[in-house]
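Chemist: Coordinates in run_27.csv, CSV, C-alpha atoms, are listed below.
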chain,number,residue,atom,x,y,z
A,5,MET,CA,-20.6,-5.0,25.8
A,6,PHE,CA,-24.2,-4.1,26.2
A,7,VAL,CA,-25.9,-4.1,22.8
A,8,LYS,CA,-29.3,-2.4,22.4
A,9,ILE,CA,-31.4,-2.5,19.2
A,10,CYS,CA,-33.8,0.5,19.3
A,11,GLY,CA,-36.8,1.6,17.3
A,12,ILE,CA,-38.5,-1.8,17.5
A,13,THR,CA,-42.0,-1.6,16.0
A,14,THR,CA,-43.0,-5.3,15.5
A,15,GLU,CA,-42.8,-8.6,17.4
A,16,ASP,CA,-40.9,-10.1,14.6
A,17,ASP,CA,-38.2,-7.5,14.8
A,18,ALA,CA,-38.0,-7.8,18.6
A,19,LEU,CA,-37.6,-11.6,18.4
A,20,LEU,CA,-35.0,-11.1,15.6
A,21,ALA,CA,-32.9,-8.8,17.7
A,22,VAL,CA,-33.0,-11.2,20.6
A,23,ALA,CA,-32.1,-14.2,18.4
A,24,MET,CA,-29.2,-12.3,17.0
A,25,GLY,CA,-27.8,-11.7,20.5
A,26,ALA,CA,-29.0,-8.2,21.5
A,27,ASP,CA,-29.0,-7.6,25.2
A,28,ALA,CA,-31.8,-5.0,25.0
A,29,VAL,CA,-34.6,-3.8,22.7
A,30,GLY,CA,-36.0,-0.3,22.7
A,31,PHE,CA,-39.5,0.9,21.9
A,32,VAL,CA,-40.1,4.6,21.1
A,33,PHE,CA,-43.1,6.3,22.6
A,34,ALA,CA,-42.1,9.8,21.5
A,35,PRO,CA,-43.2,11.2,18.1
A,36,SER,CA,-41.2,9.4,15.5
A,37,PRO,CA,-41.6,7.2,12.4
A,38,ARG,CA,-40.8,4.4,14.9
A,39,GLN,CA,-43.4,5.4,17.5
A,40,VAL,CA,-45.4,2.5,18.8
A,41,ALA,CA,-48.5,2.3,21.1
A,42,PRO,CA,-48.1,1.1,24.7
A,43,GLY,CA,-50.7,-1.6,24.2
A,44,ARG,CA,-48.7,-3.1,21.3
A,45,VAL,CA,-45.5,-2.9,23.3
A,46,ALA,CA,-47.1,-4.8,26.1
A,47,GLU,CA,-48.0,-7.6,23.7
A,48,ILE,CA,-44.5,-7.8,22.4
A,49,VAL,CA,-42.8,-7.7,25.8
A,50,ARG,CA,-44.8,-10.7,26.9
A,51,ARG,CA,-43.2,-12.8,24.2
A,52,LEU,CA,-39.6,-11.9,25.0
A,53,PRO,CA,-37.2,-13.8,27.3
A,54,ALA,CA,-37.1,-12.5,30.9
A,55,GLU,CA,-33.4,-11.7,30.7
A,56,VAL,CA,-33.8,-9.2,27.8
A,57,VAL,CA,-33.7,-5.6,28.9
A,58,THR,CA,-36.8,-4.0,27.4
A,59,VAL,CA,-36.6,-0.2,27.2
A,60,GLY,CA,-39.2,2.5,26.7
A,61,VAL,CA,-37.9,5.7,25.1
A,62,PHE,CA,-39.6,8.9,26.2
A,63,ARG,CA,-39.0,12.6,25.4
A,64,ASP,CA,-40.2,15.3,27.6
A,65,THR,CA,-42.9,13.2,29.1
A,66,LEU,CA,-44.2,13.8,32.6
A,67,PRO,CA,-42.3,11.5,35.0
A,68,GLU,CA,-45.6,10.1,36.3
A,69,ARG,CA,-46.7,9.2,32.8
A,70,VAL,CA,-43.3,7.5,32.2
A,71,VAL,CA,-43.7,5.4,35.3
A,72,GLU,CA,-47.3,4.5,34.3
A,73,VAL,CA,-46.4,3.4,30.8
A,74,VAL,CA,-43.4,1.4,32.0
A,75,THR,CA,-45.4,-0.4,34.6
A,76,ARG,CA,-48.4,-1.1,32.4
A,77,THR,CA,-46.3,-2.5,29.5
A,78,GLY,CA,-44.0,-4.6,31.7
A,79,LEU,CA,-40.9,-2.8,30.5
A,80,ARG,CA,-37.7,-3.0,32.5
A,81,ALA,CA,-36.2,0.4,31.8
A,82,ALA,CA,-37.0,4.0,30.8
A,83,GLN,CA,-34.7,6.0,28.5
A,84,LEU,CA,-35.3,9.7,29.0
A,85,HIS,CA,-34.4,11.4,25.7
A,86,GLY,CA,-35.5,15.0,26.3
A,87,ALA,CA,-34.9,17.9,28.6
A,88,GLU,CA,-35.7,16.0,31.7
A,89,THR,CA,-34.2,17.4,34.9
A,90,ALA,CA,-32.2,15.5,37.6
A,91,GLU,CA,-35.3,15.6,39.7
A,92,ASP,CA,-37.4,14.0,36.9
A,93,CYS,CA,-34.8,11.2,36.6
A,94,ALA,CA,-34.8,10.7,40.3
A,95,PHE,CA,-38.6,10.3,40.4
A,96,VAL,CA,-38.6,7.8,37.6
A,97,ALA,CA,-35.7,5.9,39.2
A,98,GLU,CA,-37.7,5.4,42.4
A,99,HIS,CA,-40.3,3.4,40.4
A,100,VAL,CA,-38.5,1.8,37.5
A,101,PRO,CA,-35.7,-0.8,37.7
A,102,MET,CA,-33.4,1.0,35.3
A,103,VAL,CA,-33.1,4.6,34.0
A,104,VAL,CA,-31.0,5.7,31.1
A,105,LYS,CA,-30.6,9.5,30.6
A,106,ALA,CA,-29.8,10.4,27.0
A,107,LEU,CA,-27.9,13.6,26.2
A,108,PRO,CA,-26.7,15.0,22.8
A,109,ALA,CA,-23.0,15.1,22.3
A,110,SER,CA,-23.0,18.9,22.2
A,111,HIS,CA,-25.0,19.2,25.5
A,112,PRO,CA,-23.1,21.5,28.1
A,113,GLY,CA,-24.5,19.3,30.9
A,114,LEU,CA,-22.4,16.3,29.8
A,115,ARG,CA,-19.6,17.4,32.1
A,116,GLU,CA,-22.1,17.0,35.0
A,117,ALA,CA,-23.8,13.9,33.8
A,118,ARG,CA,-23.5,12.2,37.1
A,119,ARG,CA,-26.0,14.6,38.7
A,120,TYR,CA,-28.8,12.8,36.8
A,121,ARG,CA,-28.2,9.7,39.0
A,122,ALA,CA,-29.2,7.5,36.1
A,123,ASP,CA,-28.0,3.8,35.8
A,124,ALA,CA,-26.4,4.7,32.5
A,125,ILE,CA,-25.8,7.8,30.3
A,126,LEU,CA,-26.4,7.6,26.6
A,127,VAL,CA,-24.6,10.0,24.4
A,128,ASP,CA,-26.3,10.6,21.0
A,129,SER,CA,-25.6,12.9,18.1
A,130,PRO,CA,-26.3,16.7,18.5
A,131,MET,CA,-29.6,15.9,16.7
A,132,PRO,CA,-30.9,13.0,18.8
A,133,GLY,CA,-32.7,10.3,16.8
A,134,SER,CA,-31.4,11.5,13.5
A,135,GLY,CA,-28.9,8.6,13.1
A,136,GLN,CA,-26.2,11.1,12.3
A,137,LEU,CA,-22.6,10.3,13.2
A,138,PHE,CA,-20.7,12.7,15.5
A,139,ASP,CA,-17.1,13.3,16.6
A,140,TRP,CA,-16.6,10.6,19.2
A,141,LYS,CA,-14.0,12.8,20.9
A,142,LEU,CA,-17.0,14.7,22.3
A,143,THR,CA,-17.5,11.8,24.7
A,144,GLU,CA,-14.4,12.8,26.5
A,145,GLY,CA,-16.5,15.5,28.2
A,146,VAL,CA,-18.4,12.8,30.2
A,147,PRO,CA,-16.1,12.3,33.2
A,148,GLY,CA,-16.7,9.6,35.9
A,149,VAL,CA,-19.5,7.7,34.2
A,150,ARG,CA,-19.0,4.0,34.5
A,151,ARG,CA,-21.9,3.1,32.2
A,152,LEU,CA,-21.8,5.1,29.0
A,153,ILE,CA,-23.9,4.0,26.1
A,154,LEU,CA,-22.8,5.3,22.7
A,155,ALA,CA,-25.4,6.0,20.0
A,156,GLY,CA,-25.8,8.2,17.0
A,157,GLY,CA,-24.9,7.1,13.4
A,158,LEU,CA,-23.7,3.6,14.4
A,159,ALA,CA,-23.8,0.8,11.9
A,160,PRO,CA,-22.2,-2.6,11.3
A,161,GLU,CA,-19.4,-0.9,9.4
A,162,ASN,CA,-18.3,1.5,12.2
A,163,VAL,CA,-19.4,0.1,15.5
A,164,GLY,CA,-16.1,-1.8,16.0
A,165,GLU,CA,-14.0,1.4,15.6
A,166,ALA,CA,-16.4,3.4,17.8
A,167,ILE,CA,-16.0,0.8,20.6
A,168,ARG,CA,-12.2,0.9,20.2
A,169,VAL,CA,-12.1,4.7,20.4
A,170,VAL,CA,-14.7,5.4,23.0
A,171,ARG,CA,-14.6,2.2,25.1
A,172,PRO,CA,-18.2,2.5,26.1
A,173,TRP,CA,-20.2,0.2,28.4
A,174,GLY,CA,-22.8,-0.2,25.6
A,175,VAL,CA,-23.9,0.7,22.1
A,176,ASP,CA,-27.3,1.6,20.8
A,177,VAL,CA,-28.5,1.4,17.2
A,178,SER,CA,-31.7,2.0,15.3
A,179,SER,CA,-31.6,3.4,11.7
A,180,GLY,CA,-28.2,1.8,11.2
A,181,VAL,CA,-29.7,-1.7,11.1
A,182,GLU,CA,-32.9,-0.9,9.2
A,183,SER,CA,-34.1,-1.7,5.7
A,184,SER,CA,-36.6,1.2,6.0
A,185,PRO,CA,-37.7,3.3,9.0
A,186,GLY,CA,-39.1,1.1,11.7
A,187,HIS,CA,-38.2,-2.2,9.9
A,188,LYS,CA,-35.0,-4.1,10.8
A,189,ASP,CA,-32.7,-5.8,8.3
A,190,PRO,CA,-31.8,-9.3,9.7
A,191,ARG,CA,-28.3,-9.2,8.0
A,192,LYS,CA,-27.5,-5.8,9.4
A,193,VAL,CA,-28.7,-6.7,12.9
A,194,ARG,CA,-26.5,-9.8,12.9
A,195,ALA,CA,-23.5,-7.9,11.5
A,196,PHE,CA,-23.9,-5.2,14.1
A,197,VAL,CA,-24.1,-7.5,17.1
A,198,GLN,CA,-21.1,-9.6,15.8
A,199,ALA,CA,-19.0,-6.5,15.2
A,200,ALA,CA,-19.7,-5.1,18.6
A,201,ARG,CA,-18.9,-8.5,20.3
A,202,ALA,CA,-15.7,-8.8,18.3
A,203,ALA,CA,-14.5,-5.3,19.3
A,204,ALA,CA,-15.4,-5.9,23.0
A,205,PRO,CA,-15.7,-9.6,23.7
A,206,GLU,CA,-16.0,-9.3,27.4
A,207,PRO,CA,-19.6,-9.6,28.7
A,208,TYR,CA,-21.1,-6.4,30.1
A,209,GLU,CA,-21.7,-5.8,33.8
A,210,PRO,CA,-25.5,-6.2,34.3
A,211,ILE,CA,-27.3,-3.4,36.1
A,212,GLU,CA,-29.1,-5.8,38.5
A,213,ASP,CA,-25.9,-7.6,39.4
A,214,ALA,CA,-23.9,-4.5,40.2
A,215,PRO,CA,-25.9,-1.5,41.4
A,216,TYR,CA,-24.4,1.8,40.5
A,217,ASP,CA,-22.6,3.1,43.5
A,218,TRP,CA,-22.7,6.9,43.1
A,219,GLN,CA,-20.9,7.4,46.5
A,220,GLU,CA,-17.9,5.4,45.0
A,221,GLU,CA,-17.5,8.0,42.3
A,222,SER,CA,-18.0,11.1,44.4
Can you turn what I pasted into structure tokens?
Modeler:
Amino acid sequence: MFVKICGITTEDDALLAVAMGADAVGFVFAPSPRQVAPGRVAEIVRRLPAEVVTVGVFRDTLPERVVEVVTRTGLRAAQLHGAETAEDCAFVAEHVPMVVKALPASHPGLREARRYRADAILVDSPMPGSGQLFDWKLTEGVPGVRRLILAGGLAPENVGEAIRVVRPWGVDVSSGVESSPGHKDPRKVRAFVQAARAAAPEPYEPIEDAPYDWQEES
């Protein structure tokens, strides 16, 4: 189970997430209470273990700018959380090791999610970034996606049930493990990771060890 702690704003919180067993940490570049400057992210990334998947979260940013920021900060992945097209995703994927395309659960394009050619598809609540829970049955409209990341309203109390119902490749949390916007609660982070691991004890399939074979799913 791939576990990502998103909305990281400080080095302490990044190191905390890693120490608690998170596979990935996310940094928000889009307007948000958790927005952080690229220069600060670069400083934090340099302090993290190489195996941690560091993700930059963008929304409706020019693909060229996404690539520039990811490259300059040393991030390993870009999460596109806006109205990016399949062509935008393809451009970013040519220059960035890993691309995650985020779609709201109510998005009509979920049934054609494979067209984005992303390494993973993240399904969020109908109001992305709100931390609101949604009907997990809506993920049934995402056919043929091997790497589905579930987000939206997850917390230590419900992540286990979410994993059992949806059976995603990964889970993503931000506000559900915070003491206040942009500040993580150590106890909640630990509880979230432990609950996710208990619900899906098998290790996740790393992107770099098993490239996404789109032809296999055609």
Chemist: Identify, on the basis of all atoms listed in the file, every residue whose closest approach to region 16-29 of chain A does not exceed 6 Å; exclude the query and any residue fewer than 2 positions from it along the same chain; express the result as an mmCIF file with C-alpha atoms, keeping the file's coordinate frame.
Modeler:
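So result20.cif came out as:
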data_model
loop_
_atom_site.group_PDB
_atom_site.id
_atom_site.type_symbol
_atom_site.label_atom_id
_atom_site.label_comp_id
_atom_site.auth_asym_id
_atom_site.auth_seq_id
_atom_site.Cartn_x
_atom_site.Cartn_y
_atom_site.Cartn_z
ATOM 1 C CA VAL A 7 -25.900 -4.100 22.800
ATOM 2 C CA LYS A 8 -29.300 -2.400 22.400
ATOM 3 C CA ILE A 9 -31.400 -2.500 19.200
ATOM 4 C CA CYS A 10 -33.800 0.500 19.300
ATOM 5 C CA THR A 14 -43.000 -5.300 15.500
ATOM 6 C CA VAL A 56 -33.800 -9.200 27.800
ATOM 7 C CA VAL A 57 -33.700 -5.600 28.900
ATOM 8 C CA THR A 58 -36.800 -4.000 27.400
ATOM 9 C CA ARG A 194 -26.500 -9.800 12.900
#
Chemist: Around the point (-31.3, -5.9, 9.4) (coordinates from the file), which residues reach within 12 Å if we count only C-alpha atoms? Answer as a ChimeraX atom specification.
Modeler: /A:9,12,16-18,20-21,24,159-160,177-197
Chemist: Using all atoms listed in the file, determine which residues lie at most 10 Å from region 38-44 of chain A, disregarding the query and same-chain residues fewer than 2 positions distant; provide the list as a PDB file with C-alpha atoms, in the coordinates of the input.
Modeler:
ATOM      1  CA  CYS A  10     -33.800   0.500  19.300  1.00  0.00           C
ATOM      2  CA  GLY A  11     -36.800   1.600  17.300  1.00  0.00           C
ATOM      3  CA  ILE A  12     -38.500  -1.800  17.500  1.00  0.00           C
ATOM      4  CA  THR A  13     -42.000  -1.600  16.000  1.00  0.00           C
ATOM      5  CA  THR A  14     -43.000  -5.300  15.500  1.00  0.00           C
ATOM      6  CA  GLU A  15     -42.800  -8.600  17.400  1.00  0.00           C
ATOM      7  CA  PHE A  31     -39.500   0.900  21.900  1.00  0.00           C
ATOM      8  CA  VAL A  32     -40.100   4.600  21.100  1.00  0.00           C
ATOM      9  CA  PHE A  33     -43.100   6.300  22.600  1.00  0.00           C
ATOM     10  CA  ALA A  34     -42.100   9.800  21.500  1.00  0.00           C
ATOM     11  CA  PRO A  35     -43.200  11.200  18.100  1.00  0.00           C
ATOM     12  CA  SER A  36     -41.200   9.400  15.500  1.00  0.00           C
ATOM     13  CA  ALA A  46     -47.100  -4.800  26.100  1.00  0.00           C
ATOM     14  CA  GLU A  47     -48.000  -7.600  23.700  1.00  0.00           C
ATOM     15  CA  ILE A  48     -44.500  -7.800  22.400  1.00  0.00           C
ATOM     16  CA  VAL A  49     -42.800  -7.700  25.800  1.00  0.00           C
ATOM     17  CA  GLY A  60     -39.200   2.500  26.700  1.00  0.00           C
ATOM     18  CA  VAL A  61     -37.900   5.700  25.100  1.00  0.00           C
ATOM     19  CA  VAL A  73     -46.400   3.400  30.800  1.00  0.00           C
ATOM     20  CA  VAL A  74     -43.400   1.400  32.000  1.00  0.00           C
ATOM     21  CA  ARG A  76     -48.400  -1.100  32.400  1.00  0.00           C
ATOM     22  CA  THR A  77     -46.300  -2.500  29.500  1.00  0.00           C
ATOM     23  CA  GLY A  78     -44.000  -4.600  31.700  1.00  0.00           C
ATOM     24  CA  SER A 178     -31.700   2.000  15.300  1.00  0.00           C
ATOM     25  CA  SER A 179     -31.600   3.400  11.700  1.00  0.00           C
ATOM     26  CA  PRO A 185     -37.700   3.300   9.000  1.00  0.00           C
ATOM     27  CA  GLY A 186     -39.100   1.100  11.700  1.00  0.00           C
ATOM     28  CA  HIS A 187     -38.200  -2.200   9.900  1.00  0.00           C
TER      29      HIS A 187
END
Chemist: Tell me, as a PDB file with C-alpha atoms, keeping the file's coordinate frame, which residues lie within 7 Å of region 117-123 of chain A, counting only C-alpha atoms; anything in the same chain fewer than 4 positions away does not count.
Modeler:
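File written: result_8.pdb
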ATOM      1  CA  ALA A  90     -32.200  15.500  37.600  1.00  0.00           C
ATOM      2  CA  CYS A  93     -34.800  11.200  36.600  1.00  0.00           C
ATOM      3  CA  ALA A  94     -34.800  10.700  40.300  1.00  0.00           C
ATOM      4  CA  MET A 102     -33.400   1.000  35.300  1.00  0.00           C
ATOM      5  CA  VAL A 103     -33.100   4.600  34.000  1.00  0.00           C
ATOM      6  CA  VAL A 104     -31.000   5.700  31.100  1.00  0.00           C
ATOM      7  CA  LYS A 105     -30.600   9.500  30.600  1.00  0.00           C
ATOM      8  CA  GLY A 113     -24.500  19.300  30.900  1.00  0.00           C
ATOM      9  CA  VAL A 146     -18.400  12.800  30.200  1.00  0.00           C
ATOM     10  CA  VAL A 149     -19.500   7.700  34.200  1.00  0.00           C
ATOM     11  CA  TYR A 216     -24.400   1.800  40.500  1.00  0.00           C
TER      12      TYR A 216
END
Chemist: Need the shell around Glu144 (chain A): protein/DNA/RNA residues with any atom at most 10 Å away, counting all atoms listed in the file. Skip same-chain ones fewer than 5 positions apart. Format as a PDB file with C-alpha atoms, in the coordinates of the input?
Modeler:
ATOM      1  CA  ALA A 109     -23.000  15.100  22.300  1.00  0.00           C
ATOM      2  CA  LEU A 114     -22.400  16.300  29.800  1.00  0.00           C
ATOM      3  CA  ARG A 115     -19.600  17.400  32.100  1.00  0.00           C
ATOM      4  CA  VAL A 170     -14.700   5.400  23.000  1.00  0.00           C
TER       5      VAL A 170
END
Chemist: Using all atoms listed in the file, which of A:Asp92, A:Leu126, A:Lys141, A:Ala203 sits nearest Leu154 (chain A)?
Modeler: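 Residue with the minimum atom-to-atom distance to Leu154 (chain A): A:Leu126.
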Chemist: Given all atoms listed in the file as the basis, pick out the residue of A:Val59, A:Leu158, A:Ala199, A:Met5 nearest to Leu79 (chain A).
Modeler: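 Using all atoms listed in the file, the shortest distance to Leu79 (chain A) belongs to A:Val59.
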Chemist: For the atom pair CA of Glu116 (chain A) and CA of Thr89 (chain A), what is the interatomic distance in Å to one decimal place?
Modeler: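 Between CA of Glu116 (chain A) and CA of Thr89 (chain A) the gap works out to 12.1 Å.
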Chemist: Please provide as a ChimeraX atom specification all residues within 6 Å of Ile153 (chain A), with the sequence filter that same-chain residues fewer than 2 positions apart are discarded (counting only C-alpha atoms).
Modeler: /A:125-126,172-175
